[in-house]
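Right, one structure below, let's go through it.
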Amino acid sequence: FVVGGGANVTFDGIGFYNTRDHSPGNVPGIRMQGDSLTVLNCDFENNNNGILGAGLPGSDPGTLIIDNSRFVSNGDLWGGGQEHHVYYEGAVVEVSDSYFEDSGYGHAIKVVASDHATITNNVIDDADSHANSAINSTGGGDLTVIGNTITKSASSQNPNVVYYETIRGSGTEGTIIISDNSVTSGHWGTKLLWNVSNAQATVTNNDLYGTSEVFSNNSFVGLMTLSGNTLNGASFDTGSWQAQAALGTSGADTHILTNNGLYYDPGNFYDGAG
């Protein structure tokens with residue numbers, strides 16, 4: 001299906017199957033080019049992309065809402081990582097109470113959302129695939145990831161569960177909240193959040209499961225505050241500073257690391273120029 005320019009469309013209780021090219025391609029179950037798309041109680045299986053879309057040039061950024069839907073074996077099967085269960089560029093993306101399995105070599109949910117993306121209470125099961133990130137957000141804006149159950153395989157294409165930056169879209173940083181998620185991973189060096197921005201994320205009450213080789217002191221990367229996170233039931237609030245999260249140039253906007261040198265302390269200001 002193609003949702004044309006200016007359209008506001010709801011799909012409820014429909015299955016989208018086998019819209020797959022035999023070579024890498026962008027053949028989706030739904031191609032979204034309108035103003036608003038709502039997907040309820042739908043099923044997407046064996047498509048190049050489950051949902052692919054963006055507003056037409058010159059149009060207002062659109063809205064994508066997905067609830068109580070199932071996405072299985074969509075995405076790139078050839079190793080290029082260019083196809084995904086959901087890939088949408090617009091103003092708003094909201095995904096809730098849905099099931100994602102086997103993202104191939106792509107991302108489960110890839111968004112470029114200039115206003116906000118909210119990913120809540122979903123299951124993302126890539127235990128048996130080569131998938132990239134569970135959630136890839138590269139358009140800035142607010143990102144809220146709450147209450148999801150996520151599984152990442154040892155053969156995943158990269159270590160990130162959630163990746164955030166502002167390289168596309170409006171490029172405006174927003175509020176980042178990663179909270180109350182359960183993540184199981186077999187991938188060495190898994191990162192719950194890689195925050196490549198100057199926005200300070202809030203990462204709280206996430207339960208991680210895996211070995212010490214899977215989760216380490218690099219499991220939270222970038223600017224963030226950490227509290228209430230656990231690894232195999234034990235307290236785990238250790239992150240790391242990476243060059244992508246730039247220091248400021250004065251005491252008012254530059255922070256220093258804690259004594260162990262591993263994570264960002266928002267209350268510990270640098271006294272002097274950056």
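Letters A, B, ... go to the chains of the structure tokens in the order shown; residues in each chain start at 1; ligands are counted from 1 in the same order.
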Check your understanding: Hey, what's within 9 Å of A:Ile30 if we count only C-alpha atoms and toss same-chain stuff fewer than 2 positions away? As number ranges by chain, please?
Key -> A: 1-3, 16, 27-28, 32, 49-53
Practice item. List every residue of stretch 43-180 of chain A that DSSP, applied to the backbone, labels as strand (DSSP E or B), and write the result as a PyMOL selection string. Key: chain A and resi 43-45+49-54+63-67+70-72+86-96+99-101+109-120+123-126+135-137+141-146+149-152+160-165+173-179
**Study point:** Residue contacts of A:Trp194 (7 Å, only C-alpha atoms) excluding same-chain residues fewer than 4 positions away, as a ChimeraX atom specification
**Key:** /A:160,162-164,220-222
Review point. If you count only C-alpha atoms, which residues fall within 7 Å of A:Ala7, apart from same-chain ones fewer than 5 positions away, as an NGL selection string?
Key: :A and (34-36)
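Atom CA of A:Ile177 sits 15.5 Å away from atom CA of A:Gly139.
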Exercise for review: Skip A:Gly141 itself and residues of its chain fewer than 4 positions away, then list as a list in words all residues within 10 Å of it, counting only C-alpha atoms.
Suggested key: Ala91, Val92, Val112, Ala113, Ser114, Asp115, His116, Ala117, Ser137, Tyr164, Glu165, Thr166, Gly169, Ser170, Gly171, Thr172, Glu173, Gly174, Thr175 and Ile176 of chain A
Restrict the selected residues to N, CA and C atoms and save them as an mmCIF file, in the first residue's frame.
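Dumped to part.cif:
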```cif
data_model
loop_
_atom_site.group_PDB
_atom_site.id
_atom_site.type_symbol
_atom_site.label_atom_id
_atom_site.label_comp_id
_atom_site.auth_asym_id
_atom_site.auth_seq_id
_atom_site.Cartn_x
_atom_site.Cartn_y
_atom_site.Cartn_z
ATOM 1 N N ALA A 91 7.705 14.085 11.997
ATOM 2 C CA ALA A 91 7.707 14.852 13.242
ATOM 3 C C ALA A 91 7.520 13.957 14.453
ATOM 4 N N VAL A 92 6.614 12.972 14.342
ATOM 5 C CA VAL A 92 6.222 12.175 15.493
ATOM 6 C C VAL A 92 6.202 10.697 15.120
ATOM 7 N N VAL A 112 13.650 9.086 12.294
ATOM 8 C CA VAL A 112 14.208 10.439 12.210
ATOM 9 C C VAL A 112 13.038 11.349 12.579
ATOM 10 N N ALA A 113 12.861 11.580 13.875
ATOM 11 C CA ALA A 113 11.666 12.265 14.383
ATOM 12 C C ALA A 113 12.051 13.633 14.932
ATOM 13 N N SER A 114 11.638 14.693 14.249
ATOM 14 C CA SER A 114 12.059 16.036 14.639
ATOM 15 C C SER A 114 11.399 16.507 15.930
ATOM 16 N N ASP A 115 10.205 16.004 16.248
ATOM 17 C CA ASP A 115 9.535 16.397 17.486
ATOM 18 C C ASP A 115 9.750 15.358 18.580
ATOM 19 N N HIS A 116 9.195 14.155 18.397
ATOM 20 C CA HIS A 116 9.436 13.128 19.405
ATOM 21 C C HIS A 116 9.191 11.727 18.856
ATOM 22 N N ALA A 117 9.909 10.783 19.450
ATOM 23 C CA ALA A 117 9.669 9.360 19.229
ATOM 24 C C ALA A 117 9.447 8.717 20.588
ATOM 25 N N SER A 137 17.775 6.287 16.443
ATOM 26 C CA SER A 137 17.138 7.598 16.329
ATOM 27 C C SER A 137 18.193 8.625 15.957
ATOM 28 N N TYR A 164 21.339 7.284 19.662
ATOM 29 C CA TYR A 164 20.719 8.600 19.497
ATOM 30 C C TYR A 164 21.745 9.607 19.003
ATOM 31 N N GLU A 165 21.389 10.351 17.953
ATOM 32 C CA GLU A 165 22.182 11.489 17.517
ATOM 33 C C GLU A 165 21.300 12.455 16.742
ATOM 34 N N THR A 166 21.883 13.554 16.274
ATOM 35 C CA THR A 166 21.099 14.631 15.655
ATOM 36 C C THR A 166 21.586 14.939 14.250
ATOM 37 N N GLY A 169 17.476 15.291 9.884
ATOM 38 C CA GLY A 169 16.290 16.035 10.271
ATOM 39 C C GLY A 169 16.626 17.434 10.754
ATOM 40 N N SER A 170 15.940 17.870 11.790
ATOM 41 C CA SER A 170 16.135 19.225 12.310
ATOM 42 C C SER A 170 17.461 19.385 13.010
ATOM 43 N N GLY A 171 18.014 18.287 13.512
ATOM 44 C CA GLY A 171 19.279 18.349 14.227
ATOM 45 C C GLY A 171 19.177 18.983 15.593
ATOM 46 N N THR A 172 17.961 19.144 16.122
ATOM 47 C CA THR A 172 17.757 19.764 17.423
ATOM 48 C C THR A 172 17.706 18.704 18.512
ATOM 49 N N GLU A 173 18.555 18.874 19.531
ATOM 50 C CA GLU A 173 18.579 17.909 20.621
ATOM 51 C C GLU A 173 17.321 18.017 21.467
ATOM 52 N N GLY A 174 16.872 16.886 21.984
ATOM 53 C CA GLY A 174 15.697 16.871 22.829
ATOM 54 C C GLY A 174 15.967 16.177 24.147
ATOM 55 N N THR A 175 14.899 15.762 24.795
ATOM 56 C CA THR A 175 14.973 15.030 26.056
ATOM 57 C C THR A 175 15.054 13.538 25.769
ATOM 58 N N ILE A 176 15.986 12.849 26.406
ATOM 59 C CA ILE A 176 16.191 11.418 26.194
ATOM 60 C C ILE A 176 15.904 10.697 27.504
#
```
